[in-house]
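Text of input27.txt (compact mmCIF, C-alpha atoms (C1' of nucleotides)) as supplied:
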```
# COMPACT_ATOMS: atom_id res chain seq x y z
CA MET A 440 107.71 101.29 104.36
CA ASN A 441 109.41 104.25 102.83
CA ASP A 442 108.20 107.33 104.55
CA GLN A 443 110.56 109.43 102.48
CA THR A 444 108.59 109.10 99.29
CA PRO A 445 107.42 112.53 98.28
CA PRO A 446 103.73 112.87 97.57
CA ASN A 447 103.58 111.60 94.03
CA PRO A 448 100.38 112.79 92.47
CA VAL A 449 99.35 111.80 88.98
CA PRO A 450 101.88 113.44 86.67
CA ARG A 451 100.40 115.89 84.20
CA LEU A 452 100.15 115.14 80.54
CA GLY A 453 102.51 117.99 79.89
CA GLU A 454 105.10 116.45 82.13
CA ILE A 455 104.89 113.09 80.41
CA GLY A 456 104.82 114.72 77.02
CA LEU A 457 102.35 113.84 74.35
CA THR A 458 104.82 111.64 72.52
CA ASN A 459 105.65 109.64 75.59
CA TYR A 460 102.04 108.96 76.43
CA ALA A 461 101.24 105.57 74.99
CA PRO A 462 97.48 106.05 74.48
CA TYR A 463 98.13 109.22 72.53
CA LEU A 464 100.66 107.49 70.29
CA MET A 465 98.38 104.52 69.82
CA ASN A 466 95.42 106.70 68.93
CA ARG A 467 97.47 108.65 66.51
CA ILE A 468 98.94 105.60 64.84
CA MET A 469 95.61 103.86 64.60
CA GLY A 470 94.00 107.02 63.30
CA ARG A 471 96.43 106.95 60.42
CA TYR A 472 96.07 103.24 59.88
CA ASN A 473 92.30 103.48 59.78
CA ALA A 474 92.34 106.56 57.58
CA SER A 475 94.72 104.88 55.16
CA LEU A 476 92.18 102.11 54.68
CA ARG A 477 89.19 104.34 54.25
CA GLU A 478 89.67 104.90 50.57
CA GLU A 479 89.86 101.20 49.79
CA MET A 480 86.94 100.58 52.08
CA ALA A 481 84.87 103.23 50.36
CA ALA A 482 85.61 101.57 47.04
CA LEU A 483 84.16 98.37 48.45
CA GLY A 484 81.23 100.15 50.07
CA LEU A 485 82.53 99.35 53.53
CA THR A 486 82.47 101.46 56.65
CA THR A 487 84.82 100.90 59.57
CA ALA A 488 82.17 98.90 61.37
CA LYS A 489 81.43 96.73 58.33
CA MET A 490 85.11 96.16 57.64
CA ARG A 491 85.85 95.18 61.21
CA ALA A 492 82.96 92.80 61.32
CA LEU A 493 84.15 91.15 58.11
CA ALA A 494 87.71 90.95 59.40
CA VAL A 495 86.63 89.19 62.56
CA LEU A 496 84.24 86.92 60.70
CA SER A 497 87.04 85.89 58.36
CA VAL A 498 88.70 84.37 61.39
CA ILE A 499 85.92 83.49 63.83
CA GLU A 500 83.14 81.20 62.73
CA GLY A 501 79.56 82.07 63.59
CA PRO A 502 79.88 84.26 66.70
CA LEU A 503 76.89 85.75 68.46
CA ILE A 504 76.26 89.36 67.60
CA ARG A 505 77.23 90.56 71.04
CA GLU A 506 80.48 88.59 70.82
CA LEU A 507 81.14 90.03 67.40
CA ALA A 508 80.57 93.49 68.85
CA VAL A 509 83.33 92.91 71.40
CA PHE A 510 85.78 91.33 68.98
CA SER A 511 85.25 93.95 66.34
CA VAL A 512 85.19 96.85 68.80
CA VAL A 513 81.92 98.21 67.50
CA GLU A 514 78.90 99.31 69.52
CA GLN A 515 76.20 96.71 69.40
CA SER A 516 73.63 99.03 67.87
CA THR A 517 76.11 100.21 65.28
CA LEU A 518 77.01 96.64 64.53
CA SER A 519 73.37 95.67 64.20
CA ARG A 520 72.97 98.19 61.42
CA ALA A 521 76.29 97.32 59.83
CA LEU A 522 75.13 93.71 59.69
CA ASP A 523 71.89 94.82 58.03
CA GLN A 524 73.94 96.30 55.26
CA LEU A 525 76.36 93.42 55.00
CA ALA A 526 73.45 91.00 54.83
CA ALA A 527 71.73 93.09 52.16
CA GLU A 528 74.95 92.88 50.16
CA ALA A 529 75.09 89.14 50.86
CA LEU A 530 78.52 89.43 52.50
CA ILE A 531 77.25 87.83 55.70
CA ARG A 532 74.33 85.71 56.79
CA ARG A 533 72.48 85.83 60.12
CA GLU A 534 71.20 82.63 61.70
CA THR A 535 69.15 82.28 64.83
CA ASP A 536 71.05 80.32 67.42
CA PRO A 537 69.58 76.80 67.65
CA GLY A 538 69.72 76.76 71.44
CA ASP A 539 68.57 80.30 72.17
CA SER A 540 66.10 81.96 69.91
CA ARG A 541 66.93 85.42 71.22
CA ALA A 542 70.45 85.09 69.94
CA THR A 543 71.78 85.38 66.41
CA ARG A 544 74.93 83.92 64.97
CA VAL A 545 76.71 85.58 62.11
CA PHE A 546 78.50 83.85 59.24
CA ILE A 547 80.60 85.28 56.48
CA THR A 548 79.63 84.25 52.95
CA GLU A 549 81.95 83.46 50.10
CA ALA A 550 81.28 86.91 48.69
CA GLY A 551 82.15 88.36 52.08
CA ARG A 552 85.41 86.46 52.16
CA THR A 553 86.21 87.71 48.70
CA ALA A 554 85.49 91.30 49.70
CA PHE A 555 87.74 91.01 52.72
CA GLU A 556 90.47 89.40 50.67
CA THR A 557 90.37 92.36 48.35
CA LEU A 558 90.92 94.66 51.28
CA TRP A 559 93.43 92.56 53.13
CA PRO A 560 96.52 93.35 51.03
CA HIS A 561 95.99 97.02 51.78
CA MET A 562 95.74 96.28 55.47
CA ALA A 563 98.86 94.18 55.27
CA GLU A 564 100.63 96.96 53.44
CA SER A 565 99.70 99.54 56.07
CA TYR A 566 100.81 97.10 58.68
CA ALA A 567 104.16 96.56 56.97
CA ARG A 568 104.64 100.28 56.62
CA MET A 569 103.99 100.80 60.29
CA PHE A 570 106.65 98.30 61.27
CA ARG A 571 109.16 99.18 58.61
CA GLY A 572 112.68 98.98 59.97
CA ILE A 573 111.58 97.52 63.27
CA PRO A 574 113.36 94.22 63.93
CA ASP A 575 111.36 91.03 64.30
CA ASP A 576 112.19 90.50 67.92
CA GLU A 577 111.12 94.03 68.77
CA GLN A 578 107.88 93.47 66.89
CA ARG A 579 107.27 90.27 68.81
CA ALA A 580 107.95 92.00 72.11
CA PHE A 581 105.58 94.77 71.10
CA VAL A 582 102.78 92.35 70.30
CA GLY A 583 103.49 90.55 73.55
CA THR A 584 102.99 93.76 75.49
CA LEU A 585 99.80 94.48 73.58
CA GLN A 586 98.47 91.08 74.55
CA LYS A 587 99.18 91.77 78.20
CA MET A 588 97.43 95.09 77.88
CA LEU A 589 94.40 93.50 76.31
CA ALA A 590 94.26 91.00 79.13
CA ASN A 591 94.43 93.87 81.61
CA ILE A 592 91.56 95.82 80.18
CA ARG A 593 89.14 93.12 79.29
CA LYS A 594 88.01 92.48 82.79
CA HIS A 595 84.53 91.35 82.29
CA GLU A 596 84.65 90.96 78.58
CA ILE A 597 84.59 87.70 76.70
CA MET B 763 120.26 85.35 45.99
CA ASN B 764 118.19 82.56 47.35
CA ASP B 765 116.22 81.05 44.54
CA GLN B 766 114.82 78.47 46.90
CA THR B 767 112.56 80.88 48.69
CA PRO B 768 109.00 79.75 48.15
CA PRO B 769 106.61 82.36 46.87
CA ASN B 770 105.69 84.15 50.05
CA PRO B 771 102.43 85.97 49.51
CA VAL B 772 100.88 88.17 52.13
CA PRO B 773 99.84 85.88 54.98
CA ARG B 774 96.15 85.84 55.69
CA LEU B 775 94.68 87.37 58.78
CA GLY B 776 93.54 83.93 59.85
CA GLU B 777 97.08 82.67 59.67
CA ILE B 778 98.43 85.48 61.77
CA GLY B 779 95.53 85.23 64.17
CA LEU B 780 93.53 88.19 65.33
CA THR B 781 95.38 88.40 68.62
CA ASN B 782 98.77 88.45 66.96
CA TYR B 783 97.84 91.22 64.60
CA ALA B 784 99.07 94.44 66.16
CA PRO B 785 96.57 96.83 64.54
CA TYR B 786 93.70 94.70 65.76
CA LEU B 787 95.04 94.64 69.29
CA MET B 788 95.72 98.35 69.23
CA ASN B 789 92.24 99.16 67.96
CA ARG B 790 90.69 96.97 70.55
CA ILE B 791 92.73 98.40 73.40
CA MET B 792 92.12 101.95 72.29
CA GLY B 793 88.45 101.24 71.81
CA ARG B 794 88.27 100.26 75.46
CA TYR B 795 90.39 103.16 76.59
CA ASN B 796 88.27 105.64 74.70
CA ALA B 797 85.02 104.04 75.82
CA SER B 798 86.17 104.10 79.42
CA LEU B 799 86.55 107.85 79.19
CA ARG B 800 83.27 108.49 77.48
CA GLU B 801 81.24 108.66 80.65
CA GLU B 802 83.51 111.23 82.25
CA MET B 803 83.63 113.14 79.02
CA ALA B 804 79.87 113.17 78.74
CA ALA B 805 79.69 114.57 82.26
CA LEU B 806 81.90 117.43 81.09
CA GLY B 807 80.01 117.85 77.83
CA LEU B 808 83.01 116.69 75.82
CA THR B 809 83.09 114.57 72.69
CA THR B 810 86.16 112.64 71.64
CA ALA B 811 87.16 115.42 69.28
CA LYS B 812 86.71 118.10 71.91
CA MET B 813 88.62 116.10 74.51
CA ARG B 814 91.51 115.42 72.17
CA ALA B 815 91.75 119.03 71.19
CA LEU B 816 91.84 120.06 74.84
CA ALA B 817 94.43 117.42 75.63
CA VAL B 818 96.75 118.64 72.91
CA LEU B 819 96.15 122.27 73.78
CA SER B 820 97.07 121.56 77.38
CA VAL B 821 100.53 120.74 76.08
CA ILE B 822 100.99 122.72 72.89
CA GLU B 823 100.60 126.48 72.94
CA GLY B 824 98.62 128.17 70.19
CA PRO B 825 98.88 125.76 67.26
CA LEU B 826 97.25 126.41 63.93
CA ILE B 827 93.99 124.60 63.43
CA ARG B 828 95.41 122.30 60.79
CA GLU B 829 98.32 121.43 63.10
CA LEU B 830 95.91 120.79 65.91
CA ALA B 831 93.97 118.48 63.59
CA VAL B 832 97.07 116.37 63.03
CA PHE B 833 98.14 116.31 66.65
CA SER B 834 94.71 115.50 67.94
CA VAL B 835 93.95 113.00 65.17
CA VAL B 836 90.67 114.64 64.25
CA GLU B 837 89.43 115.51 60.78
CA GLN B 838 89.81 119.18 60.15
CA SER B 839 86.11 119.77 59.50
CA THR B 840 85.21 117.85 62.62
CA LEU B 841 87.76 119.82 64.56
CA SER B 842 86.43 123.08 63.23
CA ARG B 843 83.04 122.29 64.69
CA ALA B 844 84.50 120.94 67.91
CA LEU B 845 86.33 124.24 68.31
CA ASP B 846 83.07 126.11 67.76
CA GLN B 847 81.65 124.31 70.73
CA LEU B 848 84.72 124.66 72.89
CA ALA B 849 84.83 128.36 72.12
CA ALA B 850 81.14 128.74 72.94
CA GLU B 851 81.88 127.10 76.29
CA ALA B 852 84.89 129.39 76.69
CA LEU B 853 87.26 126.45 77.02
CA ILE B 854 89.38 127.67 74.13
CA ARG B 855 89.94 130.88 72.26
CA ARG B 856 90.65 131.34 68.55
CA GLU B 857 93.01 134.05 67.40
CA THR B 858 93.81 135.01 63.86
CA ASP B 859 97.47 134.46 63.16
CA PRO B 860 99.23 137.82 63.09
CA GLY B 861 101.26 136.93 60.03
CA ASP B 862 98.59 135.18 57.98
CA SER B 863 95.01 136.24 58.25
CA ARG B 864 93.75 132.99 56.72
CA ALA B 865 95.18 131.05 59.61
CA THR B 866 93.85 130.69 63.11
CA ARG B 867 95.72 129.82 66.25
CA VAL B 868 93.99 128.11 69.12
CA PHE B 869 94.61 128.70 72.80
CA ILE B 870 93.25 126.90 75.81
CA THR B 871 91.65 129.08 78.47
CA GLU B 872 91.89 128.67 82.22
CA ALA B 873 88.44 127.10 82.18
CA GLY B 874 89.63 124.73 79.48
CA ARG B 875 92.64 123.75 81.55
CA THR B 876 90.41 123.13 84.50
CA ALA B 877 88.08 120.97 82.44
CA PHE B 878 90.98 118.92 81.16
CA GLU B 879 92.43 118.60 84.64
CA THR B 880 89.14 117.18 85.79
CA LEU B 881 89.34 114.56 83.10
CA TRP B 882 93.02 113.80 83.34
CA PRO B 883 92.96 111.63 86.47
CA HIS B 884 90.54 109.31 84.71
CA MET B 885 92.81 109.14 81.70
CA ALA B 886 95.75 108.44 83.95
CA GLU B 887 93.78 105.75 85.71
CA SER B 888 92.85 104.03 82.45
CA TYR B 889 96.45 104.30 81.44
CA ALA B 890 97.66 102.75 84.67
CA ARG B 891 95.14 99.96 84.34
CA MET B 892 96.30 99.20 80.84
CA PHE B 893 99.88 98.81 81.96
CA ARG B 894 99.19 97.10 85.25
CA GLY B 895 101.79 94.45 85.95
CA ILE B 896 103.95 95.42 83.01
CA PRO B 897 107.48 96.24 84.13
CA ASP B 898 108.88 99.71 83.56
CA ASP B 899 111.52 98.62 81.09
CA GLU B 900 108.93 96.80 79.03
CA GLN B 901 106.74 99.90 79.07
CA ARG B 902 109.64 102.02 77.92
CA ALA B 903 110.45 99.62 75.13
CA PHE B 904 106.81 99.62 74.10
CA VAL B 905 106.69 103.40 73.92
CA GLY B 906 109.95 103.36 72.01
CA THR B 907 108.44 101.09 69.40
CA LEU B 908 105.35 103.28 69.19
CA GLN B 909 107.56 106.28 68.52
CA LYS B 910 109.29 104.45 65.69
CA MET B 911 105.92 103.49 64.29
CA LEU B 912 104.70 107.07 64.42
CA ALA B 913 107.81 108.20 62.60
CA ASN B 914 107.14 105.55 59.95
CA ILE B 915 103.61 106.57 59.22
CA ARG B 916 103.83 110.30 59.41
CA LYS B 917 105.48 110.69 56.08
CA HIS B 918 104.23 113.99 55.02
CA GLU B 919 102.69 115.02 58.26
CA ILE B 920 104.01 117.69 60.54
C1' DC C 508 100.36 144.42 39.88
C1' DA C 509 96.70 141.37 37.79
C1' DA C 510 95.47 136.83 37.06
C1' DG C 511 96.05 131.82 38.48
C1' DG C 512 96.95 128.70 41.65
C1' DA C 513 97.92 127.28 46.51
C1' DT C 514 96.59 127.23 51.43
C1' DA C 515 93.56 127.77 55.85
C1' DT C 516 89.30 127.29 57.50
C1' DT C 517 84.34 126.79 57.37
C1' DT C 518 79.98 124.96 55.83
C1' DG C 519 76.34 121.87 53.32
C1' DC C 520 74.86 117.57 53.40
C1' DA C 521 74.42 112.76 53.80
C1' DA C 522 75.89 108.96 56.45
C1' DA C 523 77.58 106.75 60.63
C1' DT C 524 77.47 106.59 65.44
C1' DG C 525 75.91 105.96 70.36
C1' DC C 526 72.59 106.23 73.95
C1' DA C 527 68.26 104.96 75.55
C1' DT C 528 64.39 102.35 74.73
C1' DT C 529 61.74 98.56 72.85
C1' DT C 530 60.76 93.85 71.66
C1' DA C 531 61.31 89.16 72.30
C1' DA C 532 62.84 85.22 74.60
C1' DA C 533 65.16 82.85 78.40
C1' DT C 534 65.93 82.25 83.33
C1' DC C 535 65.08 82.73 88.05
C1' DT C 536 62.04 82.63 92.35
C1' DG C 537 58.69 81.84 95.39
C1' DC D 298 54.36 77.48 86.80
C1' DA D 299 53.10 82.75 86.97
C1' DG D 300 55.41 86.93 87.50
C1' DA D 301 59.68 89.38 87.88
C1' DT D 302 64.30 89.78 86.16
C1' DT D 303 67.91 89.25 82.93
C1' DT D 304 69.70 88.85 78.32
C1' DA D 305 69.96 89.41 72.98
C1' DA D 306 69.15 92.17 69.33
C1' DA D 307 66.81 95.90 66.89
C1' DT D 308 65.12 100.58 66.55
C1' DG D 309 64.10 105.81 67.49
C1' DC D 310 66.42 109.77 67.73
C1' DA D 311 69.77 113.26 68.31
C1' DT D 312 74.54 114.04 67.62
C1' DT D 313 78.94 113.47 65.48
C1' DT D 314 81.47 112.54 61.60
C1' DG D 315 83.67 113.06 56.98
C1' DC D 316 83.72 114.23 52.24
C1' DA D 317 83.21 117.74 48.97
C1' DA D 318 82.52 122.29 47.96
C1' DA D 319 82.64 127.20 49.30
C1' DT D 320 85.01 131.20 51.17
C1' DA D 321 88.80 133.99 52.22
C1' DT D 322 93.47 135.03 51.98
C1' DC D 323 98.10 134.50 50.42
C1' DC D 324 101.81 133.63 47.09
C1' DT D 325 103.51 133.33 42.45
C1' DT D 326 104.74 134.70 37.89
C1' DG D 327 104.40 137.02 33.70
```

Represent the supplied structure as structure tokens.
Amino acid sequence: MNDQTPPNPVPRLGEIGLTNYAPYLMNRIMGRYNASLREEMAALGLTTAKMRALAVLSVIEGPLIRELAVFSVVEQSTLSRALDQLAAEALIRRETDPGDSRATRVFITEAGRTAFETLWPHMAESYARMFRGIPDDEQRAFVGTLQKMLANIRKHEI
Amino acid sequence: MNDQTPPNPVPRLGEIGLTNYAPYLMNRIMGRYNASLREEMAALGLTTAKMRALAVLSVIEGPLIRELAVFSVVEQSTLSRALDQLAAEALIRRETDPGDSRATRVFITEAGRTAFETLWPHMAESYARMFRGIPDDEQRAFVGTLQKMLANIRKHEI
DNA sequence: CAAGGATATTTGCAAATGCATTTAAATCTG
DNA sequence: CAGATTTAAATGCATTTGCAAATATCCTTG
């Protein structure tokens, strides 16, 4: 079609600039968000993996462990151990799937819900801080783009 | 002003929905992005911390270690050890700051640049995949929002 | 200019993480 | 339906991580 197009190799990071490179910005923002929660999490005896599992379980009822791993963005082996701890603290409960005895479904307990509800206001606060001064419609557009991105990357995921 | 407003407590995560909650989406997308690079990184003997340090150093010349920690979103102690490794592999070089002998400036070496340039196409590919089908203006708006968010959260940061 | 306190980096140590492997159960195939 | 293959979850093990404390240097202030 257009034989005039100059060879356009992958631009360098330096050319884009760190602060125009979306993954960098996202990593940096999430790094702060996650770090800002760590203190509250520590107070509740939660690690990132445990917190994420609880967060997902507060919304999704009885997923399989491998599903929970995807939703909570935690390695399956890491999650397995996080669930050990959460179960020992009675924040979750594991139940063998009725139809497949290899599989395990995970349920949040009342205590687990309470723990997450203690943490949630801090998450909401960090969230609000992040979006301070950003108009609603821009926020909605932003989330819309994120959803498209998620659809793009989760090829073979759930 | 409006005394009719019902008490509006923090909405629950369940009410927002996981896939409308920006931090969740961002964590999940970045989890995939970072995981997708892990294989290439492993082939180059890089950890996340080492890769991030290299990425920043490919753009920023001779930062202090504590600055590099902020830019690369890595705990300072973790970074310190990552730099040990990178220095041992001759991918970076540490130099005591001329004006302050407590401080250390970090420089990428030619070998370090080469290593990062080996990785970069994979990062660019993941990036492209993420944004596949998303129009340029939407991408620009998205990055614009990210920049506002970064400004919001980095209160006392660099 | 001698404390006393701040700042930059490193290090000790315990915990979290991820890969590879194992165990157990389900599913496929001839 | 026996054996091979796939799938779900747990575990062994080495590495990475993060907090807290240590070390070294710098900056005050009396």

Hey, could you lay chain B over chain A with a least-squares C-alpha fit (all atoms, paired in order) and save it as a compact mmCIF listing (two decimals) with C-alpha atoms, in the frame of the given file?
```txt
# COMPACT_ATOMS: atom_id res chain seq x y z
CA MET B 763 108.06 101.67 104.60
CA ASN B 764 109.65 104.68 103.08
CA ASP B 765 108.28 107.74 104.76
CA GLN B 766 110.57 109.90 102.69
CA THR B 767 108.66 109.42 99.50
CA PRO B 768 107.37 112.80 98.40
CA PRO B 769 103.69 113.00 97.63
CA ASN B 770 103.59 111.68 94.11
CA PRO B 771 100.40 112.84 92.47
CA VAL B 772 99.41 111.82 89.00
CA PRO B 773 101.93 113.42 86.64
CA ARG B 774 100.46 115.85 84.19
CA LEU B 775 100.21 115.11 80.52
CA GLY B 776 102.58 117.98 79.86
CA GLU B 777 105.16 116.41 82.11
CA ILE B 778 104.95 113.07 80.40
CA GLY B 779 104.87 114.69 76.99
CA LEU B 780 102.39 113.81 74.32
CA THR B 781 104.85 111.60 72.48
CA ASN B 782 105.68 109.60 75.57
CA TYR B 783 102.08 108.93 76.40
CA ALA B 784 101.25 105.52 74.98
CA PRO B 785 97.50 106.03 74.49
CA TYR B 786 98.15 109.18 72.52
CA LEU B 787 100.66 107.45 70.29
CA MET B 788 98.39 104.48 69.82
CA ASN B 789 95.42 106.66 68.91
CA ARG B 790 97.48 108.61 66.49
CA ILE B 791 98.96 105.55 64.83
CA MET B 792 95.61 103.83 64.61
CA GLY B 793 94.01 106.98 63.31
CA ARG B 794 96.45 106.91 60.42
CA TYR B 795 96.07 103.20 59.88
CA ASN B 796 92.31 103.45 59.79
CA ALA B 797 92.35 106.53 57.58
CA SER B 798 94.72 104.84 55.17
CA LEU B 799 92.18 102.09 54.68
CA ARG B 800 89.21 104.35 54.27
CA GLU B 801 89.67 104.90 50.58
CA GLU B 802 89.84 101.20 49.80
CA MET B 803 86.93 100.58 52.09
CA ALA B 804 84.86 103.25 50.40
CA ALA B 805 85.58 101.60 47.07
CA LEU B 806 84.11 98.40 48.49
CA GLY B 807 81.21 100.20 50.13
CA LEU B 808 82.51 99.37 53.59
CA THR B 809 82.44 101.49 56.73
CA THR B 810 84.81 100.90 59.61
CA ALA B 811 82.18 98.88 61.42
CA LYS B 812 81.42 96.76 58.38
CA MET B 813 85.10 96.17 57.67
CA ARG B 814 85.84 95.17 61.24
CA ALA B 815 82.95 92.79 61.33
CA LEU B 816 84.13 91.16 58.11
CA ALA B 817 87.68 90.96 59.39
CA VAL B 818 86.62 89.16 62.53
CA LEU B 819 84.23 86.91 60.66
CA SER B 820 87.02 85.90 58.31
CA VAL B 821 88.68 84.35 61.34
CA ILE B 822 85.91 83.45 63.75
CA GLU B 823 83.12 81.16 62.63
CA GLY B 824 79.54 82.04 63.50
CA PRO B 825 79.86 84.19 66.63
CA LEU B 826 76.90 85.67 68.41
CA ILE B 827 76.26 89.29 67.59
CA ARG B 828 77.24 90.48 71.04
CA GLU B 829 80.49 88.49 70.81
CA LEU B 830 81.14 89.94 67.40
CA ALA B 831 80.60 93.41 68.88
CA VAL B 832 83.35 92.81 71.42
CA PHE B 833 85.77 91.25 68.97
CA SER B 834 85.26 93.88 66.35
CA VAL B 835 85.21 96.76 68.85
CA VAL B 836 81.94 98.15 67.56
CA GLU B 837 78.95 99.24 69.60
CA GLN B 838 76.26 96.64 69.45
CA SER B 839 73.65 98.98 67.97
CA THR B 840 76.11 100.17 65.38
CA LEU B 841 77.01 96.60 64.60
CA SER B 842 73.39 95.63 64.27
CA ARG B 843 72.97 98.18 61.52
CA ALA B 844 76.29 97.32 59.91
CA LEU B 845 75.11 93.72 59.73
CA ASP B 846 71.88 94.85 58.09
CA GLN B 847 73.93 96.36 55.33
CA LEU B 848 76.33 93.47 55.02
CA ALA B 849 73.41 91.07 54.85
CA ALA B 850 71.70 93.19 52.20
CA GLU B 851 74.92 93.00 50.19
CA ALA B 852 75.05 89.25 50.85
CA LEU B 853 78.46 89.51 52.47
CA ILE B 854 77.22 87.89 55.66
CA ARG B 855 74.31 85.77 56.74
CA ARG B 856 72.47 85.84 60.07
CA GLU B 857 71.18 82.63 61.58
CA THR B 858 69.12 82.26 64.70
CA ASP B 859 71.00 80.25 67.27
CA PRO B 860 69.51 76.76 67.43
CA GLY B 861 69.60 76.67 71.21
CA ASP B 862 68.43 80.20 71.96
CA SER B 863 66.02 81.92 69.67
CA ARG B 864 66.88 85.36 71.06
CA ALA B 865 70.42 84.99 69.85
CA THR B 866 71.77 85.34 66.35
CA ARG B 867 74.92 83.88 64.91
CA VAL B 868 76.70 85.57 62.05
CA PHE B 869 78.47 83.86 59.18
CA ILE B 870 80.56 85.32 56.42
CA THR B 871 79.58 84.33 52.89
CA GLU B 872 81.90 83.56 50.00
CA ALA B 873 81.23 87.03 48.65
CA GLY B 874 82.11 88.45 52.04
CA ARG B 875 85.37 86.52 52.09
CA THR B 876 86.17 87.80 48.66
CA ALA B 877 85.45 91.37 49.68
CA PHE B 878 87.70 91.04 52.70
CA GLU B 879 90.42 89.43 50.63
CA THR B 880 90.33 92.41 48.34
CA LEU B 881 90.90 94.68 51.28
CA TRP B 882 93.41 92.57 53.13
CA PRO B 883 96.48 93.34 51.02
CA HIS B 884 95.98 97.02 51.79
CA MET B 885 95.72 96.26 55.48
CA ALA B 886 98.84 94.15 55.27
CA GLU B 887 100.61 96.93 53.44
CA SER B 888 99.69 99.52 56.07
CA TYR B 889 100.81 97.06 58.68
CA ALA B 890 104.14 96.50 56.98
CA ARG B 891 104.64 100.23 56.63
CA MET B 892 103.98 100.76 60.30
CA PHE B 893 106.63 98.27 61.28
CA ARG B 894 109.15 99.13 58.60
CA GLY B 895 112.67 98.94 59.97
CA ILE B 896 111.59 97.48 63.27
CA PRO B 897 113.37 94.20 63.95
CA ASP B 898 111.37 91.00 64.32
CA ASP B 899 112.21 90.49 67.96
CA GLU B 900 111.12 94.01 68.78
CA GLN B 901 107.87 93.43 66.91
CA ARG B 902 107.28 90.24 68.84
CA ALA B 903 107.94 91.96 72.12
CA PHE B 904 105.58 94.74 71.13
CA VAL B 905 102.79 92.31 70.33
CA GLY B 906 103.50 90.52 73.58
CA THR B 907 102.99 93.72 75.50
CA LEU B 908 99.80 94.44 73.59
CA GLN B 909 98.48 91.03 74.57
CA LYS B 910 99.19 91.73 78.22
CA MET B 911 97.45 95.06 77.89
CA LEU B 912 94.40 93.46 76.33
CA ALA B 913 94.26 90.95 79.15
CA ASN B 914 94.43 93.84 81.63
CA ILE B 915 91.56 95.78 80.20
CA ARG B 916 89.16 93.06 79.28
CA LYS B 917 88.04 92.43 82.78
CA HIS B 918 84.56 91.32 82.25
CA GLU B 919 84.71 90.93 78.54
CA ILE B 920 84.67 87.66 76.70
```

Query raised in the report: Interatomic distance between CA of Met480 (chain A) and CA of Thr517 (chain A)?
Result: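 One can read the CA of Met480 (chain A) to CA of Thr517 (chain A) distance as 17.1 Å.
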
Proximity of chain D to chain A: per-residue shortest pair, 9 Å limit, all atoms listed in the file, as a tab-separated table:
```
residue	atom	partner	partner_atom	distance
D:DT304	C1'	A:Arg541	CA	8.4
D:DA305	C1'	A:Ala542	CA	5.3
D:DA306	C1'	A:Ala542	CA	7.2
D:DA307	C1'	A:Ser519	CA	7.1
D:DT308	C1'	A:Ser516	CA	8.8
```

Query raised in the report: Counting all atoms listed in the file, what is within 12 Å of Arg477 (chain A), bar same-chain residues fewer than 4 positions away, as a PyMOL selection string?
Result: (chain A and resi 470-473+481-491+558+561-562+565) or (chain D and resi 315-316)

Requested in this report: Would you be able to write out as a count of residues only which residues have an atom within 8 Å of (67.2, 78.9, 78.5) in the file's coordinates, counting all atoms listed in the file?
Outcome: 4

For the interface of chain B with chain A (cut-off 7 Å, counting only C-alpha atoms), please tabulate each contacting residue of chain B alongside its nearest pair of atoms and their separation in Å to one decimal, rows sorted by chain and increasing number, as a tab-separated table.
```
residue	atom	partner	partner_atom	distance
B:Val772	CA	A:Pro560	CA	6.9
B:Gly776	CA	A:Val498	CA	5.1
B:Asn782	CA	A:Val582	CA	6.5
B:Ala784	CA	A:Val582	CA	5.9
B:Leu787	CA	A:Leu585	CA	6.4
B:Met788	CA	A:Met465	CA	6.7
B:Asn789	CA	A:Met469	CA	6.7
B:Arg790	CA	A:Val512	CA	5.8
B:Ile791	CA	A:Leu589	CA	5.9
B:Met792	CA	A:Asn466	CA	6.7
B:Gly793	CA	A:Val512	CA	6.2
B:Ser820	CA	A:Gly453	CA	7.0
B:Val821	CA	A:Gly453	CA	5.1
B:Val835	CA	A:Arg467	CA	5.8
B:Pro883	CA	A:Val449	CA	6.9
B:Arg891	CA	A:Asn591	CA	6.7
B:Met892	CA	A:Met588	CA	5.2
B:Phe893	CA	A:Met588	CA	6.0
B:Arg894	CA	A:Asn591	CA	6.8
B:Phe904	CA	A:Phe581	CA	5.8
B:Val905	CA	A:Ala461	CA	6.0
B:Leu908	CA	A:Leu464	CA	6.4
B:Met911	CA	A:Met569	CA	5.2
B:Leu912	CA	A:Ile468	CA	6.0
B:Asn914	CA	A:Met569	CA	5.7
B:Ile915	CA	A:Met569	CA	5.9
```
